[in-house]
Amino acid sequence: MRKSFTCNRSIAKPKHSQRSTSKGVIDSSKMVKRQFRGAETGDAPRKRQRVVHEAPTSEVIHTSRQLRQLLAFDPDLGRSRHGLQSFKLLLDSLLSRDDDTDSAEKRQQHEVRFTIVKEYLQSTKPIEDDESSTYLPDIMQTWSHAGQVNNENLLSAVPVVLALLLKLLSQSLELTSIGLGICRTLLQKRQQELISRSLSADKGKAFIISPTLRMLREAVCFDGGAIARPMFRARVSMLKSLARNMGIVHIGEEPEDIKKPSPRTNAVQFFLSALKYLHPEAKKELLAQRDIVTALTRDIKQDLPYLVLDLLNGLRDHVLLDSKVPREAKSNLLSSMTLIKISGLYYYRQANDDLPSIPDAAHDFLVTACTNPSCGVLRQDTGLYPREADPNAAIPSADLEELGLEAIVWMNKFKTEVPVRNFVLSNLLQNLRPWSSVKQSELITSIFKVAPELIADFFIKNKSFTFEPKLSATWIGYAAFLFNTVALPLPEYFCRGSGYAELPPPTSIVMDNILPLPLNQKVLSRCLTNKSRMISFFATRILILAVQKLDTAVKMHQDPSHSSKSRNNQALWTEAARRLVDEFCQRSPGIKEMINSYRSIPEHDILHREAASQLLRLYYEVIPQVALMAKFDVSPLLETALKRLSKQKQQKETRSEEDGEDDPRDFALSLKELENILAIAGYSPGMRWFAATEQLTLSPFITLLKVYVEAPHGVSLVPVRQVLDCVAVEQQVVPAKDKGHPGISVLLETLKELMASSPSTLAVLWPFLDNCLTRCTTAPVKYLEMLQDLGARDVEDEVHTVSPLVAAIIEQLPFAAKAADSKSTLDGLGRFLPKFLGYSAVAGESKHLLEAALAVMSESFGEGLGKTLTVPKKHPFKQAKVGKSIQAKQDTTHTAAEGQKSESGDDVIILDSEQLEHVLGVPDSLATDNSALVKWQSKSVDELVDDGYAISLISLLASEHASIRKEALVNVLKMASKVQQSEYEEKEQIWLLLSELAETARVAAASQTINAVAPLPSTIVAFACHALNVLRDPTHSLYPKINSFLTRAPFWSVDRVPLADEVLTEEPAVGDSYYAQLNWLLAYLLDGLRTSKDLELFHKKRAKGPLFERLLAVAGNPYMRTPLRVQVLRILYRVSTIEGGSTTLVTRFGVVSWLEELLKMKKSLSAAQSQGGAGTVVSSEDEVAVYKGLLKRIWETCDKGRVEGWSKGGVQSVVI
């Protein structure tokens, strides 16, 4: 019986009394206590009754009949609770069974107890088993009665018992039908009302909410989710207050007890179980409940480790990887807030090491969710084209020709904000900290790889951390993240299509993918010059990846497929590539900082030195216009590298076995560094290969030869061999390879054989060989004449097949014999010369001359060298027949004709007009843009100079319209005034340039030579534009000459080409920068050659000869770098586009004979180049094709009648 507590306190009327105090008498009748406001009678309670939870009683169950009596419905709630508690203890004992550890007696007791439960369930099973049947009617009636009388103890006890019972029945296949009946009973209306009431109980009544959730979880999981679908149909009651219950977390200082989980734990487990067994449409509807999805991860950081793992694994397996779940449902689950909450698990503190790592599990989940398109988060983007950009938009051709990239309205729109399609991922990325966690860095780079549009967006929005050099764990983490970001490849075709789009992507977005915003010029320069070698090494490696990525991007911009669409399309992509390179040069550090950084690296830091040399090599290969502007003499670096290799070899030889052996990787890295420096030397025009210095007693070429001969077995020396071959042929040390001669291989094989047999002998030969080779390079003709004096004057062709080194050895032998150490030198030469001459004979050199040389050499030896050559039986050379013999002259006409065809190179493809234009055609850089008259006014001086607005305005001085020129002249003066009043660093020089240009325009308009209506000569305008670029960079090699030119006079002569004489004839003011200055001159001359009046300046007679004549003489250098010669060819091609230009070239400057000589020269070097010559840009066959195509172009565009009469048909015979 329930006890009833009553309070029968009688309230007596207070009597009047007085109490004395020190201050007087107080009347107690006035101190009446206030009555209870809610009390209407005197018997009402005055405060809330105290709720007392008494511990339930129980008894041991021995028979099923006893169990049935205990669970029979009884209005006495105490006895009902007594029976339920007894049943609970019975179920607990059955569920705690362990067949592996329990004894036989315990297992027998378990069998007896399970039989009791089984008999009880069989006895209470309804007769008719249908959906309306009620299983466990007594328990259900007790539960209903508890709800009616509002007994919380029973409302909690019944779900506890049912949950345990369902859990026990799920382990028995025999009782599955009864368990399903109990689950169906829970779906009846009365039970649903009780469940709904329990789930919506007050938050403080977790003892009611948690058992109910456990019961539902067991029901939805029973028999593989057999009633999951009916339960979801009853979701109004079954999912009642689920979102609220997920928010009822454990409160207290002590961690949550696993045996007494909180309502949130039970609610999450119930939700995951429902997801596991529900069908896809039900999952979709369940995930559409925003409050439930939001509450699911709101407090995930406070959950127990096992619950977090269950949650992540459940969502991944039953939602993300379920192909039947619609993408829309997955998107509802993986909102920005959900992903951010899960990303907070990177900082989860896990005390239990037995379970898998929570941060690792969260990382795997996020990588799957964010990089798998089927998971609903990742949206299909368009590569590097933002959401608002149409890459295939149709733009009028007139606008493209006039405005170029400026005609694309969105080209410069995305520098401060990038609209993206993956906005959910964008929000997630802003909450990650890649510098604090390796996993977060990996997640971001994984997202960048599948959604490259987010790279620019991330760095534009995330400016909380800079790359300012500061050696700390945080900086190293951020540097590693940036390294991985730069290492990501560019999207194929810059987009997701099957080919390139019509329009190029925005330059700013491509640049942010190559060098992210934190990597600016200022920061990278500080990193390179930082005292910490690790910071400098990180910056170097990042720049290497960036330059390689830039090279890839430029090649994609220059893809031939752009030209197949339209000419304007190709011009757009070319302009975009040029702008991309300019942007990279502004964001990357200067070449001088890289050179200084390389020089400051200690010798023992081999890995860093190799990386720095690779960076410099990439600059020379990818952006040579920047590398060649610096004053960089590669000779000292090459000497240092060679000296270091020699030192390593000496240390290896002198080190004892106790000290251990060197790491072979160090030597390989040193060779790799040497390879990079050799490549730089190949691009550097001022490299002195045969000049000894203080650091090296031998010249760089001999030292390199020594490294090749003495290198250990197994080291790749192919680049070194290529450089040796190329330099030897270029310096005419050995015969050219086009006549079947193996080049320097003869000398290499002799030295390697001598190295194997007598290393000490080889050591004394290096100075002698250095002396002989140096003399060969300084006067090759002298030694060829000496060979003629040896004999066989009638065999003229054979003289050219003997190495000049033989004659140099003959000349220097008498001096070597008179030296102090002559004995050791002569002994070494006695072993070297027979082998060298023998190898030369089998390589195809004239045996007659070699025998004569041997006879002369023997005079310097006491015992002599013999009279006949010692020809080795085994050699790596093919027997070559050199020279023209009498038998060759008597060959048949057919054979001679075939030989003539092969030698003439007729099998080389001649470029047609379209291909020739693609190679030599350059867009007009002085094309006028009338909008420049307005654009410059709103720009700062920095933008005017650096972004090309000043150049665009200057170009208008060459406009065809007089009104445009007049307005441009006024604006140039205004711009000069604005520059002078600014704080720009080079404002004085730029002001002087603009003022003199304006004054030149005024004087030219008032002079008699140029009409006031006519524009300025293009050469003057082009010079001003190119000079402006020089003045903005004080490190430019032409900076002193430009300043000197500006201070000569207040205006320039329009009849002369500015700075042409100074560059072509005077020595460079800065180091070995002659070819860099020549490249600048040719570029501005090409831009200044546009009309027939411009052409007159090029062929006008001058004291030092016409400009054309001097340019052709410069390009006639057989060893000039191909890019410079191509610039001259482009000038000739530009002349052929001007009316009468081709005729002038043929009749006044003999360009046909000049091209014919170039063809012969390239044929003589083609064999050497085909075997791996270094330092070339294009192959000889390509150059020959260009020469023939240009020759054909000049013939087609000239006045053929006049040319034929002038040459008497000679030009036509050469061309045809």
# chains A, B, ... in the order shown; residues from 1 in each chain; ligands from 1
>>> residues_around(residues="Val802 in chain A", least_positions_apart="2", cutoff="9 Å", atoms="only C-alpha atoms", output="count of residues only")
17
>>> atom_distance(atom1="CA of Leu168 in chain A", atom2="CA of Phe114 in chain A")
9.4 Å
>>> residues_around(residues="Leu428 in chain A", least_positions_apart="2", cutoff="12 Å", atoms="only C-alpha atoms", output="VMD selection string")
chain A and resid 334 to 344 366 369 to 370 377 to 378 422 to 426 430 to 433 440 443 to 444 447 454 458 462
>>> residues_around(residues="Leu1064 in chain A", least_positions_apart="3", cutoff="8 Å", atoms="only C-alpha atoms", output="list in words")
Ala1060, Asp1061 and Leu1078 of chain A
>>> atom_distance(atom1="CA of Arg1148 in chain A", atom2="CA of Glu1183 in chain A")
24.5 Å
>>> atom_distance(atom1="CA of Ser959 in chain A", atom2="CA of Ala976 in chain A")
19.9 Å
>>> select_by_dssp(residues="range 1011-1085 of chain A", states="alpha helix (DSSP H)", output="VMD selection string")
chain A and resid 1018 to 1031 1039 to 1046 1060 to 1065 1074 to 1085
>>> write_last_selection(atoms="C-alpha atoms", output="PDB file, in the first residue's frame")
ATOM      1  CA  SER A1018      57.892  53.508 -83.716  1.00  0.00           C
ATOM      2  CA  THR A1019      61.502  53.044 -82.611  1.00  0.00           C
ATOM      3  CA  ILE A1020      61.239  56.110 -80.344  1.00  0.00           C
ATOM      4  CA  VAL A1021      57.986  54.920 -78.800  1.00  0.00           C
ATOM      5  CA  ALA A1022      59.262  51.350 -78.394  1.00  0.00           C
ATOM      6  CA  PHE A1023      62.459  52.614 -76.785  1.00  0.00           C
ATOM      7  CA  ALA A1024      60.472  54.673 -74.274  1.00  0.00           C
ATOM      8  CA  CYS A1025      58.306  51.679 -73.368  1.00  0.00           C
ATOM      9  CA  HIS A1026      61.247  49.320 -72.879  1.00  0.00           C
ATOM     10  CA  ALA A1027      63.337  51.946 -71.092  1.00  0.00           C
ATOM     11  CA  LEU A1028      60.495  52.470 -68.630  1.00  0.00           C
ATOM     12  CA  ASN A1029      60.688  48.800 -67.660  1.00  0.00           C
ATOM     13  CA  VAL A1030      64.422  49.170 -67.099  1.00  0.00           C
ATOM     14  CA  LEU A1031      64.068  52.240 -64.869  1.00  0.00           C
ATOM     15  CA  TYR A1039      70.092  50.860 -65.836  1.00  0.00           C
ATOM     16  CA  PRO A1040      73.352  52.882 -65.952  1.00  0.00           C
ATOM     17  CA  LYS A1041      73.244  53.297 -69.723  1.00  0.00           C
ATOM     18  CA  ILE A1042      69.606  54.394 -69.747  1.00  0.00           C
ATOM     19  CA  ASN A1043      70.301  57.032 -67.091  1.00  0.00           C
ATOM     20  CA  SER A1044      73.372  58.211 -68.974  1.00  0.00           C
ATOM     21  CA  PHE A1045      71.340  58.496 -72.165  1.00  0.00           C
ATOM     22  CA  LEU A1046      68.603  60.530 -70.465  1.00  0.00           C
ATOM     23  CA  ALA A1060      71.872  50.894 -80.585  1.00  0.00           C
ATOM     24  CA  ASP A1061      75.540  51.897 -80.861  1.00  0.00           C
ATOM     25  CA  GLU A1062      76.081  51.711 -77.094  1.00  0.00           C
ATOM     26  CA  VAL A1063      74.798  48.154 -76.832  1.00  0.00           C
ATOM     27  CA  LEU A1064      76.393  46.759 -79.997  1.00  0.00           C
ATOM     28  CA  THR A1065      79.866  48.278 -79.674  1.00  0.00           C
ATOM     29  CA  TYR A1074      76.386  41.701 -73.096  1.00  0.00           C
ATOM     30  CA  TYR A1075      73.940  39.097 -74.336  1.00  0.00           C
ATOM     31  CA  ALA A1076      71.271  40.194 -71.862  1.00  0.00           C
ATOM     32  CA  GLN A1077      71.596  43.769 -73.163  1.00  0.00           C
ATOM     33  CA  LEU A1078      71.568  42.493 -76.746  1.00  0.00           C
ATOM     34  CA  ASN A1079      68.367  40.599 -76.025  1.00  0.00           C
ATOM     35  CA  TRP A1080      66.783  43.814 -74.706  1.00  0.00           C
ATOM     36  CA  LEU A1081      67.900  45.762 -77.783  1.00  0.00           C
ATOM     37  CA  LEU A1082      66.530  43.173 -80.214  1.00  0.00           C
ATOM     38  CA  ALA A1083      63.199  43.076 -78.374  1.00  0.00           C
ATOM     39  CA  TYR A1084      62.718  46.828 -78.598  1.00  0.00           C
ATOM     40  CA  LEU A1085      63.896  46.958 -82.213  1.00  0.00           C
TER      41      LEU A1085
END
>>> residues_around(residues="Asp512 in chain A", least_positions_apart="5", cutoff="9 Å", atoms="only C-alpha atoms", output="MDAnalysis selection string")
chainID A and resid 455:456 459 507 517
>>> closest_residue(among="A:Gly181, A:Pro159, A:Pro359, A:Pro280", to="Asp130 in chain A", atoms="only C-alpha atoms")
A:Gly181
>>> decode(residues="range 169-204 of chain A", atoms="N, CA and C atoms", output="PDB file, in the first residue's frame")
ATOM      1  N   LEU A 169      16.143 -12.039 -25.927  1.00  0.00           N
ATOM      2  CA  LEU A 169      15.461 -12.787 -26.976  1.00  0.00           C
ATOM      3  C   LEU A 169      16.188 -12.693 -28.313  1.00  0.00           C
ATOM      4  N   SER A 170      16.916 -11.611 -28.532  1.00  0.00           N
ATOM      5  CA  SER A 170      17.654 -11.473 -29.795  1.00  0.00           C
ATOM      6  C   SER A 170      18.778 -12.502 -29.911  1.00  0.00           C
ATOM      7  N   GLN A 171      19.148 -13.152 -28.800  1.00  0.00           N
ATOM      8  CA  GLN A 171      20.184 -14.158 -28.804  1.00  0.00           C
ATOM      9  C   GLN A 171      19.641 -15.567 -28.989  1.00  0.00           C
ATOM     10  N   SER A 172      18.311 -15.686 -29.048  1.00  0.00           N
ATOM     11  CA  SER A 172      17.688 -17.001 -29.170  1.00  0.00           C
ATOM     12  C   SER A 172      16.827 -17.032 -30.421  1.00  0.00           C
ATOM     13  N   LEU A 173      17.171 -17.894 -31.339  1.00  0.00           N
ATOM     14  CA  LEU A 173      16.402 -18.003 -32.570  1.00  0.00           C
ATOM     15  C   LEU A 173      15.030 -18.608 -32.304  1.00  0.00           C
ATOM     16  N   GLU A 174      14.926 -19.444 -31.280  1.00  0.00           N
ATOM     17  CA  GLU A 174      13.675 -20.125 -30.969  1.00  0.00           C
ATOM     18  C   GLU A 174      12.606 -19.148 -30.498  1.00  0.00           C
ATOM     19  N   LEU A 175      13.033 -18.113 -29.792  1.00  0.00           N
ATOM     20  CA  LEU A 175      12.073 -17.167 -29.215  1.00  0.00           C
ATOM     21  C   LEU A 175      11.940 -15.889 -30.028  1.00  0.00           C
ATOM     22  N   THR A 176      12.400 -15.926 -31.290  1.00  0.00           N
ATOM     23  CA  THR A 176      12.352 -14.717 -32.117  1.00  0.00           C
ATOM     24  C   THR A 176      10.918 -14.255 -32.349  1.00  0.00           C
ATOM     25  N   SER A 177      10.005 -15.208 -32.560  1.00  0.00           N
ATOM     26  CA  SER A 177       8.612 -14.829 -32.823  1.00  0.00           C
ATOM     27  C   SER A 177       8.006 -14.105 -31.634  1.00  0.00           C
ATOM     28  N   ILE A 178       8.337 -14.539 -30.420  1.00  0.00           N
ATOM     29  CA  ILE A 178       7.818 -13.858 -29.233  1.00  0.00           C
ATOM     30  C   ILE A 178       8.396 -12.448 -29.143  1.00  0.00           C
ATOM     31  N   GLY A 179       9.702 -12.311 -29.458  1.00  0.00           N
ATOM     32  CA  GLY A 179      10.299 -10.986 -29.430  1.00  0.00           C
ATOM     33  C   GLY A 179       9.647 -10.058 -30.434  1.00  0.00           C
ATOM     34  N   LEU A 180       9.344 -10.569 -31.645  1.00  0.00           N
ATOM     35  CA  LEU A 180       8.658  -9.738 -32.627  1.00  0.00           C
ATOM     36  C   LEU A 180       7.267  -9.359 -32.140  1.00  0.00           C
ATOM     37  N   GLY A 181       6.623 -10.285 -31.436  1.00  0.00           N
ATOM     38  CA  GLY A 181       5.301  -9.958 -30.894  1.00  0.00           C
ATOM     39  C   GLY A 181       5.385  -8.844 -29.859  1.00  0.00           C
ATOM     40  N   ILE A 182       6.400  -8.900 -29.004  1.00  0.00           N
ATOM     41  CA  ILE A 182       6.573  -7.827 -28.013  1.00  0.00           C
ATOM     42  C   ILE A 182       6.816  -6.484 -28.719  1.00  0.00           C
ATOM     43  N   CYS A 183       7.637  -6.511 -29.797  1.00  0.00           N
ATOM     44  CA  CYS A 183       7.909  -5.264 -30.537  1.00  0.00           C
ATOM     45  C   CYS A 183       6.630  -4.725 -31.167  1.00  0.00           C
ATOM     46  N   ARG A 184       5.800  -5.621 -31.719  1.00  0.00           N
ATOM     47  CA  ARG A 184       4.534  -5.159 -32.298  1.00  0.00           C
ATOM     48  C   ARG A 184       3.606  -4.607 -31.232  1.00  0.00           C
ATOM     49  N   THR A 185       3.705  -5.197 -30.016  1.00  0.00           N
ATOM     50  CA  THR A 185       2.884  -4.690 -28.920  1.00  0.00           C
ATOM     51  C   THR A 185       3.271  -3.256 -28.569  1.00  0.00           C
ATOM     52  N   LEU A 186       4.574  -2.953 -28.673  1.00  0.00           N
ATOM     53  CA  LEU A 186       5.015  -1.590 -28.388  1.00  0.00           C
ATOM     54  C   LEU A 186       4.470  -0.583 -29.389  1.00  0.00           C
ATOM     55  N   LEU A 187       4.052  -1.065 -30.562  1.00  0.00           N
ATOM     56  CA  LEU A 187       3.526  -0.159 -31.574  1.00  0.00           C
ATOM     57  C   LEU A 187       2.037   0.106 -31.416  1.00  0.00           C
ATOM     58  N   GLN A 188       1.412  -0.551 -30.448  1.00  0.00           N
ATOM     59  CA  GLN A 188      -0.004  -0.291 -30.216  1.00  0.00           C
ATOM     60  C   GLN A 188      -0.216   1.092 -29.616  1.00  0.00           C
ATOM     61  N   LYS A 189      -1.399   1.593 -29.772  1.00  0.00           N
ATOM     62  CA  LYS A 189      -1.675   2.992 -29.455  1.00  0.00           C
ATOM     63  C   LYS A 189      -1.349   3.328 -28.009  1.00  0.00           C
ATOM     64  N   ARG A 190      -1.779   2.474 -27.060  1.00  0.00           N
ATOM     65  CA  ARG A 190      -1.573   2.780 -25.644  1.00  0.00           C
ATOM     66  C   ARG A 190      -0.080   2.814 -25.315  1.00  0.00           C
ATOM     67  N   GLN A 191       0.674   1.847 -25.859  1.00  0.00           N
ATOM     68  CA  GLN A 191       2.107   1.811 -25.597  1.00  0.00           C
ATOM     69  C   GLN A 191       2.817   3.012 -26.256  1.00  0.00           C
ATOM     70  N   GLN A 192       2.345   3.403 -27.439  1.00  0.00           N
ATOM     71  CA  GLN A 192       2.941   4.579 -28.080  1.00  0.00           C
ATOM     72  C   GLN A 192       2.731   5.833 -27.242  1.00  0.00           C
ATOM     73  N   GLU A 193       1.584   5.942 -26.645  1.00  0.00           N
ATOM     74  CA  GLU A 193       1.326   7.106 -25.792  1.00  0.00           C
ATOM     75  C   GLU A 193       2.255   7.109 -24.585  1.00  0.00           C
ATOM     76  N   LEU A 194       2.478   5.929 -23.996  1.00  0.00           N
ATOM     77  CA  LEU A 194       3.384   5.851 -22.856  1.00  0.00           C
ATOM     78  C   LEU A 194       4.821   6.173 -23.256  1.00  0.00           C
ATOM     79  N   ILE A 195       5.215   5.665 -24.436  1.00  0.00           N
ATOM     80  CA  ILE A 195       6.576   5.945 -24.910  1.00  0.00           C
ATOM     81  C   ILE A 195       6.749   7.439 -25.172  1.00  0.00           C
ATOM     82  N   SER A 196       5.767   8.031 -25.828  1.00  0.00           N
ATOM     83  CA  SER A 196       5.844   9.465 -26.109  1.00  0.00           C
ATOM     84  C   SER A 196       5.901  10.271 -24.821  1.00  0.00           C
ATOM     85  N   ARG A 197       5.131   9.827 -23.832  1.00  0.00           N
ATOM     86  CA  ARG A 197       5.135  10.552 -22.553  1.00  0.00           C
ATOM     87  C   ARG A 197       6.492  10.428 -21.864  1.00  0.00           C
ATOM     88  N   SER A 198       7.070   9.240 -21.905  1.00  0.00           N
ATOM     89  CA  SER A 198       8.361   9.034 -21.249  1.00  0.00           C
ATOM     90  C   SER A 198       9.468   9.821 -21.950  1.00  0.00           C
ATOM     91  N   LEU A 199       9.429   9.855 -23.291  1.00  0.00           N
ATOM     92  CA  LEU A 199      10.476  10.567 -24.024  1.00  0.00           C
ATOM     93  C   LEU A 199      10.401  12.074 -23.836  1.00  0.00           C
ATOM     94  N   SER A 200       9.213  12.564 -23.558  1.00  0.00           N
ATOM     95  CA  SER A 200       9.057  14.010 -23.386  1.00  0.00           C
ATOM     96  C   SER A 200       9.050  14.418 -21.921  1.00  0.00           C
ATOM     97  N   ALA A 201       9.506  13.535 -21.041  1.00  0.00           N
ATOM     98  CA  ALA A 201       9.562  13.879 -19.617  1.00  0.00           C
ATOM     99  C   ALA A 201      10.552  15.024 -19.404  1.00  0.00           C
ATOM    100  N   ASP A 202      10.505  15.568 -18.183  1.00  0.00           N
ATOM    101  CA  ASP A 202      11.402  16.672 -17.873  1.00  0.00           C
ATOM    102  C   ASP A 202      12.853  16.241 -18.063  1.00  0.00           C
ATOM    103  N   LYS A 203      13.728  17.225 -18.397  1.00  0.00           N
ATOM    104  CA  LYS A 203      15.135  16.925 -18.641  1.00  0.00           C
ATOM    105  C   LYS A 203      15.812  16.301 -17.438  1.00  0.00           C
ATOM    106  N   GLY A 204      15.318  16.619 -16.257  1.00  0.00           N
ATOM    107  CA  GLY A 204      15.937  16.075 -15.050  1.00  0.00           C
ATOM    108  C   GLY A 204      15.582  14.633 -14.785  1.00  0.00           C
TER     109      GLY A 204
END
